[in-house]
$ cat my_file_26.csv   # CSV, C-alpha atoms and all ligand atoms
chain,number,residue,atom,x,y,z
A,200,MET,CA,0.0,0.0,0.0
A,201,LYS,CA,1.3,3.4,-0.9
A,202,THR,CA,1.7,5.9,1.7
A,203,TRP,CA,1.1,9.5,0.9
A,204,VAL,CA,3.3,12.0,2.6
A,205,LEU,CA,2.9,15.7,2.7
A,206,ALA,CA,5.7,17.5,4.2
A,207,MET,CA,4.3,19.8,6.8
A,208,THR,CA,7.6,21.3,7.6
A,209,ALA,CA,10.3,22.5,5.3
A,210,VAL,CA,12.3,19.6,3.9
A,211,LEU,CA,15.6,20.9,2.7
A,212,LEU,CA,16.4,20.0,-0.8
A,213,THR,CA,19.9,18.5,-1.1
A,214,THR,CA,19.6,16.5,-4.2
A,215,THR,CA,21.4,17.4,-7.3
A,216,PHE,CA,21.6,14.9,-10.1
A,217,ALA,CA,22.2,14.8,-13.8
A,218,CYS,CA,19.0,14.7,-15.8
A,219,SER,CA,18.8,11.8,-18.2
A,220,ALA,CA,15.4,12.7,-19.4
A,221,ARG,CA,14.5,12.8,-23.0
A,222,GLU,CA,12.7,15.7,-24.5
A,223,GLU,CA,9.0,15.9,-24.8
A,224,THR,CA,9.1,16.0,-28.5
A,225,ALA,CA,10.2,13.5,-31.2
A,226,PRO,CA,12.5,12.7,-33.0
A,227,GLN,CA,15.4,12.9,-30.6
A,228,PRO,CA,18.1,15.2,-31.9
A,229,SER,CA,21.7,15.0,-30.9
A,230,GLN,CA,22.0,18.0,-28.7
A,231,ALA,CA,25.0,20.3,-28.3
A,232,ALA,CA,25.3,21.6,-24.8
A,233,GLY,CA,24.8,25.2,-24.3
A,234,SER,CA,22.2,27.8,-25.0
A,235,PRO,CA,21.8,31.3,-26.3
A,236,GLN,CA,20.7,32.4,-22.9
A,237,ALA,CA,22.8,33.0,-19.9
A,238,THR,CA,22.7,30.4,-17.2
A,239,ALA,CA,21.9,31.9,-13.8
A,240,PRO,CA,23.3,30.7,-10.6
A,241,GLN,CA,21.9,27.4,-9.5
A,242,GLY,CA,19.3,27.1,-6.8
A,243,SER,CA,20.9,26.6,-3.5
A,244,ALA,CA,20.6,23.3,-1.6
A,245,SER,CA,20.3,25.2,1.6
A,246,GLY,CA,16.6,25.6,1.4
A,247,ASN,CA,16.8,29.3,0.6
A,248,SER,CA,17.5,30.5,-2.9
A,249,GLY,CA,17.2,33.9,-4.5
A,250,GLY,CA,14.8,35.3,-1.9
A,251,TYR,CA,12.7,32.1,-1.9
A,252,LYS,CA,12.4,29.4,0.7
A,253,VAL,CA,12.4,26.1,-1.1
A,254,GLU,CA,10.7,23.0,0.3
A,255,VAL,CA,9.0,19.8,-0.8
A,256,PHE,CA,5.2,20.5,-0.5
A,257,ALA,CA,3.8,17.2,-1.6
A,258,GLU,CA,5.3,13.9,-2.9
A,259,GLN,CA,4.5,10.4,-4.1
A,260,LEU,CA,2.3,11.8,-6.9
A,261,ASP,CA,1.8,9.9,-10.1
A,262,VAL,CA,2.8,12.1,-13.1
A,263,PRO,CA,1.0,15.2,-11.9
A,264,TRP,CA,0.1,17.6,-14.7
A,265,ASP,CA,-1.8,20.6,-13.4
A,266,ILE,CA,-2.9,22.3,-10.2
A,267,ALA,CA,-5.9,24.3,-9.2
A,268,PHE,CA,-6.3,26.5,-6.1
A,269,VAL,CA,-9.8,27.2,-4.7
A,270,PRO,CA,-10.8,29.9,-2.3
A,271,ASP,CA,-11.4,27.6,0.7
A,272,GLY,CA,-7.7,26.7,0.6
A,273,ARG,CA,-7.9,23.3,-1.0
A,274,ILE,CA,-5.6,22.4,-3.8
A,275,PHE,CA,-6.7,20.0,-6.6
A,276,ILE,CA,-4.2,18.1,-8.7
A,277,THR,CA,-4.6,16.1,-11.9
A,278,GLU,CA,-2.5,13.0,-12.4
A,279,ARG,CA,-2.1,12.1,-16.1
A,280,PRO,CA,-3.0,8.4,-15.7
A,281,GLY,CA,-6.5,9.6,-14.7
A,282,THR,CA,-7.0,10.8,-11.2
A,283,ILE,CA,-7.9,14.1,-9.6
A,284,ARG,CA,-6.4,14.4,-6.1
A,285,VAL,CA,-7.0,17.0,-3.4
A,286,ILE,CA,-4.8,18.5,-0.7
A,287,ASP,CA,-7.2,19.4,2.1
A,288,LYS,CA,-6.1,21.2,5.3
A,289,GLY,CA,-2.5,20.5,4.3
A,290,LYS,CA,-3.0,16.8,3.8
A,291,LEU,CA,-3.0,14.9,0.5
A,292,VAL,CA,-6.2,12.8,0.6
A,293,GLY,CA,-5.7,9.2,-0.4
A,294,GLU,CA,-9.0,8.7,-2.0
A,295,PRO,CA,-9.2,10.4,-5.5
A,296,VAL,CA,-11.7,13.2,-6.0
A,297,LEU,CA,-12.5,11.6,-9.3
A,298,SER,CA,-11.0,8.6,-11.1
A,299,PHE,CA,-11.3,8.5,-14.9
A,300,LYS,CA,-10.2,4.8,-14.8
A,301,THR,CA,-13.4,3.5,-13.3
A,302,GLY,CA,-17.1,4.1,-13.6
A,303,GLY,CA,-17.4,3.8,-17.4
A,304,ILE,CA,-15.9,7.3,-18.2
A,305,PRO,CA,-14.4,7.4,-21.8
A,306,PHE,CA,-10.8,7.9,-21.0
A,307,GLN,CA,-7.3,7.0,-22.4
A,308,SER,CA,-3.8,7.8,-21.3
A,309,ARG,CA,-1.2,6.8,-23.8
A,310,GLY,CA,2.2,8.5,-24.2
A,311,GLU,CA,1.7,12.1,-23.4
A,312,SER,CA,-2.1,12.0,-23.4
A,313,GLY,CA,-4.5,11.4,-20.5
A,314,LEU,CA,-5.9,13.7,-17.8
A,315,LEU,CA,-4.2,17.0,-18.4
A,316,GLY,CA,-5.3,20.5,-17.4
A,317,ILE,CA,-7.6,21.6,-14.6
A,318,VAL,CA,-8.9,25.0,-13.6
A,319,PRO,CA,-11.6,26.1,-11.1
A,320,ASP,CA,-14.5,28.3,-12.0
A,321,PRO,CA,-14.0,31.9,-11.0
A,322,GLU,CA,-17.2,31.4,-9.0
A,323,PHE,CA,-16.1,28.1,-7.6
A,324,ALA,CA,-17.1,29.1,-4.0
A,325,ASN,CA,-20.7,29.4,-5.2
A,326,ASN,CA,-21.1,26.7,-7.9
A,327,GLY,CA,-18.3,24.1,-7.2
A,328,TYR,CA,-17.5,23.9,-10.9
A,329,MET,CA,-14.1,22.8,-12.2
A,330,TYR,CA,-13.0,22.3,-15.8
A,331,VAL,CA,-10.6,19.6,-17.1
A,332,TYR,CA,-9.1,18.6,-20.4
A,333,HIS,CA,-8.6,14.9,-21.1
A,334,THR,CA,-8.0,12.3,-23.8
A,335,TYR,CA,-10.5,9.6,-24.8
A,336,GLU,CA,-11.1,7.2,-27.7
A,337,GLU,CA,-13.8,7.6,-30.3
A,338,ARG,CA,-14.2,5.2,-33.2
A,339,GLY,CA,-10.6,3.9,-32.8
A,340,SER,CA,-9.0,7.4,-32.7
A,341,LEU,CA,-7.7,9.4,-29.7
A,342,ARG,CA,-9.6,12.6,-29.1
A,343,ASN,CA,-9.6,15.3,-26.4
A,344,ARG,CA,-12.4,17.1,-24.7
A,345,VAL,CA,-13.2,19.7,-22.1
A,346,LEU,CA,-15.5,18.8,-19.2
A,347,ARG,CA,-17.2,20.8,-16.6
A,348,LEU,CA,-17.2,18.9,-13.2
A,349,VAL,CA,-19.1,19.7,-10.1
A,350,GLU,CA,-17.3,19.1,-6.8
A,351,LYS,CA,-18.6,18.7,-3.3
A,352,ASN,CA,-16.9,17.3,-0.2
A,353,ASN,CA,-13.8,16.2,-2.1
A,354,LYS,CA,-15.8,14.2,-4.7
A,355,ALA,CA,-16.5,15.4,-8.3
A,356,THR,CA,-18.8,14.2,-11.0
A,357,ILE,CA,-19.0,15.1,-14.7
A,358,ASP,CA,-21.6,17.8,-15.1
A,359,LYS,CA,-21.3,18.7,-18.8
A,360,VAL,CA,-19.2,18.1,-21.9
A,361,LEU,CA,-18.3,21.6,-23.1
A,362,ILE,CA,-16.4,20.6,-26.3
A,363,ASP,CA,-15.3,17.3,-27.6
A,364,GLY,CA,-13.9,15.7,-30.7
A,365,LEU,CA,-10.7,17.7,-30.4
A,366,PRO,CA,-7.8,16.0,-32.2
A,367,GLY,CA,-5.7,13.6,-30.1
A,368,GLN,CA,-2.7,11.4,-30.4
A,369,SER,CA,-0.2,9.7,-28.1
A,370,THR,CA,1.8,12.9,-28.4
A,371,HIS,CA,1.0,16.6,-29.2
A,372,ASP,CA,-2.2,16.9,-27.2
A,373,GLY,CA,-1.8,20.4,-25.8
A,374,GLY,CA,-4.0,20.3,-22.7
A,375,ARG,CA,-3.5,23.5,-20.6
A,376,ILE,CA,-6.8,25.2,-19.6
A,377,ARG,CA,-7.1,28.6,-17.9
A,378,PHE,CA,-9.6,31.4,-17.5
A,379,GLY,CA,-8.5,34.7,-19.0
A,380,PRO,CA,-9.1,38.1,-17.4
A,381,ASP,CA,-12.1,38.4,-19.8
A,382,GLY,CA,-13.8,35.5,-18.0
A,383,TYR,CA,-13.6,33.1,-21.0
A,384,LEU,CA,-12.1,29.7,-20.9
A,385,TYR,CA,-8.9,29.2,-22.9
A,386,PHE,CA,-7.2,25.9,-23.7
A,387,THR,CA,-4.4,24.6,-25.9
A,388,VAL,CA,-4.8,21.9,-28.6
A,389,GLY,CA,-1.8,20.2,-30.1
A,390,ASP,CA,-1.3,19.3,-33.8
A,391,ALA,CA,-1.9,15.6,-32.9
A,392,GLN,CA,1.0,14.6,-35.2
A,393,ASP,CA,-0.8,16.2,-38.3
A,394,PRO,CA,1.2,19.4,-38.8
A,395,GLN,CA,-0.5,20.7,-41.8
A,396,GLN,CA,-3.8,21.0,-39.9
A,397,SER,CA,-2.2,23.7,-37.7
A,398,GLN,CA,-2.3,26.1,-40.7
A,399,ASP,CA,-6.0,25.5,-41.4
A,400,PRO,CA,-8.1,27.8,-39.2
A,401,THR,CA,-11.1,25.5,-39.7
A,402,SER,CA,-9.3,22.5,-38.3
A,403,ARG,CA,-9.2,22.1,-34.5
A,404,ALA,CA,-5.6,20.9,-34.4
A,405,GLY,CA,-2.6,23.1,-33.4
A,406,LYS,CA,-4.8,25.8,-31.9
A,407,ILE,CA,-5.3,28.0,-28.9
A,408,MET,CA,-9.1,28.1,-28.3
A,409,ARG,CA,-11.5,30.3,-26.4
A,410,ILE,CA,-15.0,29.4,-25.3
A,411,ALA,CA,-17.5,30.8,-22.8
A,412,LYS,CA,-17.7,28.7,-19.6
A,413,ASP,CA,-21.1,27.3,-20.7
A,414,GLY,CA,-19.4,26.0,-23.8
A,415,THR,CA,-20.8,28.6,-26.3
A,416,ILE,CA,-18.6,30.5,-28.7
A,417,PRO,CA,-18.0,34.2,-27.7
A,418,LYS,CA,-19.3,36.6,-30.4
A,419,THR,CA,-16.0,38.4,-30.2
A,420,ASN,CA,-13.9,35.4,-31.2
A,421,PRO,CA,-11.7,36.2,-34.3
A,422,PHE,CA,-13.3,33.5,-36.5
A,423,PRO,CA,-17.1,33.6,-36.6
A,424,ASP,CA,-18.8,30.6,-34.8
A,425,SER,CA,-15.4,29.1,-34.1
A,426,PRO,CA,-13.6,28.4,-30.9
A,427,VAL,CA,-10.2,29.1,-32.6
A,428,TYR,CA,-8.4,32.0,-31.0
A,429,SER,CA,-5.0,31.6,-32.6
A,430,TYR,CA,-3.4,29.0,-35.0
A,431,GLY,CA,-0.2,27.7,-36.5
A,432,HIS,CA,0.8,26.1,-33.2
A,433,ARG,CA,2.5,22.7,-32.8
A,434,ASN,CA,2.1,21.6,-29.2
A,435,PRO,CA,1.3,24.6,-26.9
A,436,GLN,CA,1.1,23.6,-23.2
A,437,GLY,CA,1.4,26.9,-21.2
A,438,LEU,CA,-0.9,29.9,-20.9
A,439,ALA,CA,-0.4,33.0,-18.8
A,440,TRP,CA,-1.6,36.6,-18.8
A,441,HIS,CA,0.6,39.4,-17.8
A,442,PRO,CA,-0.6,40.8,-14.5
A,443,MET,CA,-0.3,44.4,-15.6
A,444,SER,CA,-1.0,44.5,-19.3
A,445,GLY,CA,-3.5,41.6,-19.3
A,446,ARG,CA,-1.8,40.2,-22.5
A,447,LEU,CA,-1.8,36.5,-23.2
A,448,TYR,CA,1.4,34.5,-23.6
A,449,ALA,CA,1.8,30.8,-24.5
A,450,SER,CA,4.6,28.3,-24.5
A,451,GLU,CA,5.0,25.7,-27.3
A,452,HIS,CA,7.2,22.7,-28.0
A,453,GLY,CA,9.3,23.0,-31.2
A,454,GLN,CA,10.0,19.9,-33.3
A,455,SER,CA,13.3,19.2,-31.6
A,456,THR,CA,14.7,22.6,-30.8
A,457,MET,CA,13.3,26.1,-31.3
A,458,ASP,CA,10.9,25.9,-28.4
A,459,GLU,CA,8.8,29.1,-28.2
A,460,ILE,CA,7.3,31.7,-26.0
A,461,ASN,CA,4.7,33.6,-28.0
A,462,LEU,CA,2.7,36.7,-27.4
A,463,ILE,CA,-0.8,35.7,-28.5
A,464,GLU,CA,-3.0,37.9,-30.7
A,465,PRO,CA,-6.5,36.9,-31.6
A,466,GLY,CA,-6.7,35.4,-35.1
A,467,ALA,CA,-2.9,35.3,-35.6
A,468,ASN,CA,-0.9,32.6,-37.2
A,469,TYR,CA,2.2,31.4,-35.3
A,470,GLY,CA,3.8,29.6,-38.2
A,471,TRP,CA,3.9,25.9,-37.6
A,472,PRO,CA,4.9,23.9,-39.7
A,473,LEU,CA,5.9,26.6,-42.2
A,474,ILE,CA,8.5,28.2,-40.0
A,475,GLU,CA,10.0,27.6,-36.6
A,476,GLY,CA,11.4,30.0,-34.0
A,477,ASP,CA,12.1,33.4,-35.6
A,478,ALA,CA,12.9,32.0,-39.0
A,479,MET,CA,12.1,34.5,-41.8
A,480,SER,CA,12.0,32.0,-44.6
A,481,PRO,CA,10.0,28.8,-44.7
A,482,LYS,CA,11.3,25.4,-43.9
A,483,GLN,CA,12.5,23.2,-46.8
A,484,GLY,CA,9.6,21.9,-48.8
A,485,ASN,CA,7.2,24.6,-47.5
A,486,SER,CA,6.1,27.9,-49.0
A,487,VAL,CA,4.3,30.7,-47.5
A,488,PRO,CA,1.5,32.3,-49.5
A,489,PRO,CA,2.1,36.0,-50.0
A,490,ASN,CA,-1.0,37.0,-48.1
A,491,VAL,CA,-0.2,34.9,-45.0
A,492,LYS,CA,1.4,36.8,-42.1
A,493,LEU,CA,3.3,34.6,-39.7
A,494,ARG,CA,4.1,35.6,-36.1
A,495,THR,CA,7.4,34.8,-34.6
A,496,PRO,CA,8.0,34.2,-30.9
A,497,ILE,CA,9.2,36.8,-28.4
A,498,LEU,CA,11.7,34.2,-27.2
A,499,HIS,CA,12.9,30.8,-28.5
A,500,SER,CA,15.4,28.2,-27.4
A,501,GLY,CA,17.6,28.3,-30.5
A,502,SER,CA,19.5,25.0,-30.8
A,503,ASP,CA,18.7,24.2,-27.1
A,504,THR,CA,15.7,22.2,-26.0
A,505,TRP,CA,13.5,23.4,-23.1
A,506,ALA,CA,10.4,21.4,-23.8
A,507,PRO,CA,8.3,24.1,-22.1
A,508,SER,CA,5.0,23.2,-20.4
A,509,GLY,CA,3.0,25.0,-17.7
A,510,MET,CA,3.9,28.6,-16.9
A,511,THR,CA,2.7,31.6,-14.8
A,512,PHE,CA,3.4,35.2,-14.3
A,513,VAL,CA,4.6,36.1,-10.8
A,514,THR,CA,2.6,38.7,-9.0
A,515,LYS,CA,4.4,38.8,-5.6
A,516,GLY,CA,7.9,38.5,-4.3
A,517,PRO,CA,11.3,39.0,-5.8
A,518,TRP,CA,10.3,37.8,-9.3
A,519,LYS,CA,7.2,40.0,-9.5
A,520,ASN,CA,6.0,40.5,-13.1
A,521,ASP,CA,8.4,37.9,-14.5
A,522,LEU,CA,7.2,34.9,-16.5
A,523,VAL,CA,8.3,31.5,-15.1
A,524,VAL,CA,8.1,28.5,-17.3
A,525,ALA,CA,8.5,24.8,-16.3
A,526,SER,CA,10.7,22.8,-18.7
A,527,LEU,CA,10.7,19.0,-19.2
A,528,ARG,CA,13.8,18.2,-21.2
A,529,GLY,CA,15.4,21.4,-19.9
A,530,ALA,CA,14.8,20.3,-16.3
A,531,GLN,CA,14.7,23.9,-15.1
A,532,LEU,CA,12.6,26.9,-14.4
A,533,LEU,CA,13.0,29.4,-17.2
A,534,LYS,CA,12.5,32.9,-15.8
A,535,VAL,CA,11.8,35.6,-18.4
A,536,THR,CA,11.8,39.3,-17.7
A,537,LEU,CA,9.9,41.5,-20.1
A,538,GLN,CA,10.4,45.2,-20.8
A,539,GLU,CA,7.9,47.3,-18.9
A,540,GLY,CA,5.6,48.9,-21.4
A,541,ASP,CA,6.7,46.6,-24.3
A,542,PRO,CA,4.9,43.3,-24.1
A,543,ALA,CA,7.0,41.8,-27.0
A,544,LYS,CA,10.4,42.7,-25.6
A,545,VAL,CA,12.4,40.2,-23.5
A,546,VAL,CA,15.0,41.9,-21.3
A,547,LYS,CA,16.6,38.7,-20.1
A,548,SER,CA,15.9,35.0,-19.6
A,549,GLU,CA,17.5,32.8,-16.9
A,550,LYS,CA,17.7,29.1,-16.2
A,551,LEU,CA,17.0,28.3,-12.6
A,552,TYR,CA,17.3,25.1,-10.6
A,553,LYS,CA,18.6,23.3,-13.7
A,554,ASN,CA,18.8,19.5,-13.1
A,555,GLU,CA,17.9,19.9,-9.4
A,556,TRP,CA,14.4,18.3,-9.6
A,557,GLY,CA,14.4,16.6,-12.9
A,558,ARG,CA,11.8,17.2,-15.6
A,559,LEU,CA,9.3,19.9,-14.7
A,560,ARG,CA,5.7,19.9,-15.9
A,561,ASN,CA,4.1,23.0,-14.4
A,562,VAL,CA,4.6,26.0,-12.2
A,563,SER,CA,1.6,28.0,-10.8
A,564,GLU,CA,1.4,30.8,-8.3
A,565,GLY,CA,-0.8,30.0,-5.3
A,566,PRO,CA,-3.0,32.6,-3.6
A,567,ASP,CA,-0.3,32.7,-0.9
A,568,GLY,CA,2.1,34.1,-3.4
A,569,ALA,CA,4.2,30.9,-3.4
A,570,LEU,CA,5.2,29.1,-6.6
A,571,TYR,CA,4.2,25.5,-6.8
A,572,VAL,CA,6.4,23.5,-9.2
A,573,MET,CA,5.5,20.0,-10.4
A,574,THR,CA,8.1,17.3,-11.3
A,575,ASN,CA,7.4,14.9,-14.1
A,576,ASN,CA,9.8,12.0,-13.5
A,577,ARG,CA,7.6,9.0,-13.2
A,578,ASP,CA,6.3,8.5,-16.7
A,579,GLY,CA,9.3,6.5,-18.1
A,580,ARG,CA,11.1,9.6,-19.5
A,581,GLY,CA,12.7,10.8,-16.3
A,582,SER,CA,14.9,9.4,-13.6
A,583,PRO,CA,12.6,9.1,-10.6
A,584,LYS,CA,14.1,10.0,-7.2
A,585,PRO,CA,12.8,9.0,-3.9
A,586,GLY,CA,9.5,10.7,-3.3
A,587,ASP,CA,8.8,11.5,-7.0
A,588,ASP,CA,6.7,12.9,-8.3
A,589,LYS,CA,6.8,16.0,-6.1
A,590,ILE,CA,5.4,19.5,-5.8
A,591,ILE,CA,8.2,21.9,-4.8
A,592,ARG,CA,7.0,25.1,-3.1
A,593,LEU,CA,9.0,28.3,-3.5
A,594,THR,CA,7.8,30.9,-0.9
A,595,PRO,CA,9.0,34.5,-1.1
A,596,GLN,CA,10.9,35.5,2.0
B,601,CA,CA,6.0,29.3,-34.2
$ encode --input "my_file_26.csv" --output "structure tokens"
Amino acid sequence: MKTWVLAMTAVLLTTTFACSAREETAPQPSQAAGSPQATAPQGSASGNSGGYKVEVFAEQLDVPWDIAFVPDGRIFITERPGTIRVIDKGKLVGEPVLSFKTGGIPFQSRGESGLLGIVPDPEFANNGYMYVYHTYEERGSLRNRVLRLVEKNNKATIDKVLIDGLPGQSTHDGGRIRFGPDGYLYFTVGDAQDPQQSQDPTSRAGKIMRIAKDGTIPKTNPFPDSPVYSYGHRNPQGLAWHPMSGRLYASEHGQSTMDEINLIEPGANYGWPLIEGDAMSPKQGNSVPPNVKLRTPILHSGSDTWAPSGMTFVTKGPWKNDLVVASLRGAQLLKVTLQEGDPAKVVKSEKLYKNEWGRLRNVSEGPDGALYVMTNNRDGRGSPKPGDDKIIRLTPQ
């Protein structure tokens, strides 16, 4: 029987190990070491680092993917194999809030697919609604869908299917889901291994989408009667809005290198598979029609591989207004500082805690102003350490 341990006191992190993780994307390139960005000082093993107290907040999780904070203090966690867990009064509850593996729920978790993003309703305290993005099978093909759940007393049930039939595959499933400052529900959909679909605004593959929380299409969406908000994406997995400007940013996996951070404009085309990174000319075998305008990222990894996933802007503490991005293959937090007043200008980017915790799936800011970082070492691609997978908490001092 598994025992679930939640560290109630600070557990000092003393582990440093070489990451043998593969990247999120395929095929696997031979990688040269190094990066166009400067490498910042490594996180200290002393438990305090760069103005943050660092501790293990939860452990013994099974490939956690996303985290949701609700006003009563509980914290919900998705585990990709198909369970929602809850931390209640500081304790990780053994019984799942909802298991997608039982009860006849259509569900599949193969490769990178499964139970992915989770977000609470902005009115959760009144309605108990949460929204999740997950993979299922339909007529022999993998698909993804967005569900509304209703939660009470640490148990959730499916209340409504908001959108289904989204393209799915064993890789490139997107899956991040967040509310924007406009109150609409945004989520990312990967190209599901069919790159050309990303360039077709009428296809649902390789998109960032926006719907109302009742599943209807906002009249102000860029394409009439379509949930598509932006297109030309490969496998976006991070969404975050700048706390001052309210502008939307997204992270995206490149094919093998050229991972991207994009500033998202409604209706814009982010280039995949015609161009990668800030390339000005199309990839071999592609051509760009003269009337097609392709957006390039505000930051990319060059010949390095980050494999970026969940990310957040920081609103409190030493990193206030910086963007922090969890990296799988990069096994680091990428911290990006933007120019005040210029949403597209990156002042600097730093790699923090590289190889200290292994592959990182997500970072979110809690209502307490701490950053909660999820490891992703137990899915066969990482090197699990005792206690993996973990949530590491960084609390501003
Ligand atoms: Ca791009």
$ atom_distance --input "my_file_26.csv" --atom1 "atom CA of A:Ile376" --atom2 "atom CA of A:Thr401"
20.6 Å
$ atom_distance --input "my_file_26.csv" --atom1 "atom CA of A:Pro472" --atom2 "atom CA of A:Lys492"
13.6 Å
$ residues_near_ligand --input "my_file_26.csv" --ligand "ligand CA 601 (chain B)" --cutoff "7 Å" --atoms "all atoms listed in the file" --output "number ranges by chain"
A: 431-432, 459, 469-471, 474-476, 494-496
$ closest_residue --input "my_file_26.csv" --among "A:Pro319, A:Gly405, A:Gly272, A:Pro400" --to "A:Gly382" --atoms "only C-alpha atoms"
A:Pro319
$ closest_residue --input "my_file_26.csv" --among "A:Ser429, A:Ser455, A:Asn490, A:Gln436" --to "A:Met510" --atoms "only C-alpha atoms"
A:Gln436
$ closest_residue --input "my_file_26.csv" --among "A:Asn554, A:Ser563, A:Asn326, A:Gln396" --to "A:Arg347" --atoms "all atoms listed in the file"
A:Asn326
$ atom_distance --input "my_file_26.csv" --atom1 "atom CA of A:Asn461" --atom2 "atom CA of A:Ser480"
18.2 Å
$ residues_around --input "my_file_26.csv" --residues "A:Gln368" --least-positions-apart "6" --cutoff "10 Å" --atoms "all atoms listed in the file" --output "PyMOL selection string"
chain A and resi 308-312+334-336+340-343+389-393
$ residues_around --input "my_file_26.csv" --residues "A:Glu294" --least-positions-apart "2" --cutoff "8 Å" --atoms "all atoms listed in the file" --output "list in words"
Arg284, Val292 and Val296 of chain A
$ write_last_selection --input "my_file_26.csv" --atoms "C-alpha atoms" --output "PDB file, in the coordinates of the input"
ATOM      1  CA  ARG A 284      -6.400  14.400  -6.100  1.00  0.00           C
ATOM      2  CA  VAL A 292      -6.200  12.800   0.600  1.00  0.00           C
ATOM      3  CA  VAL A 296     -11.700  13.200  -6.000  1.00  0.00           C
TER       4      VAL A 296
END
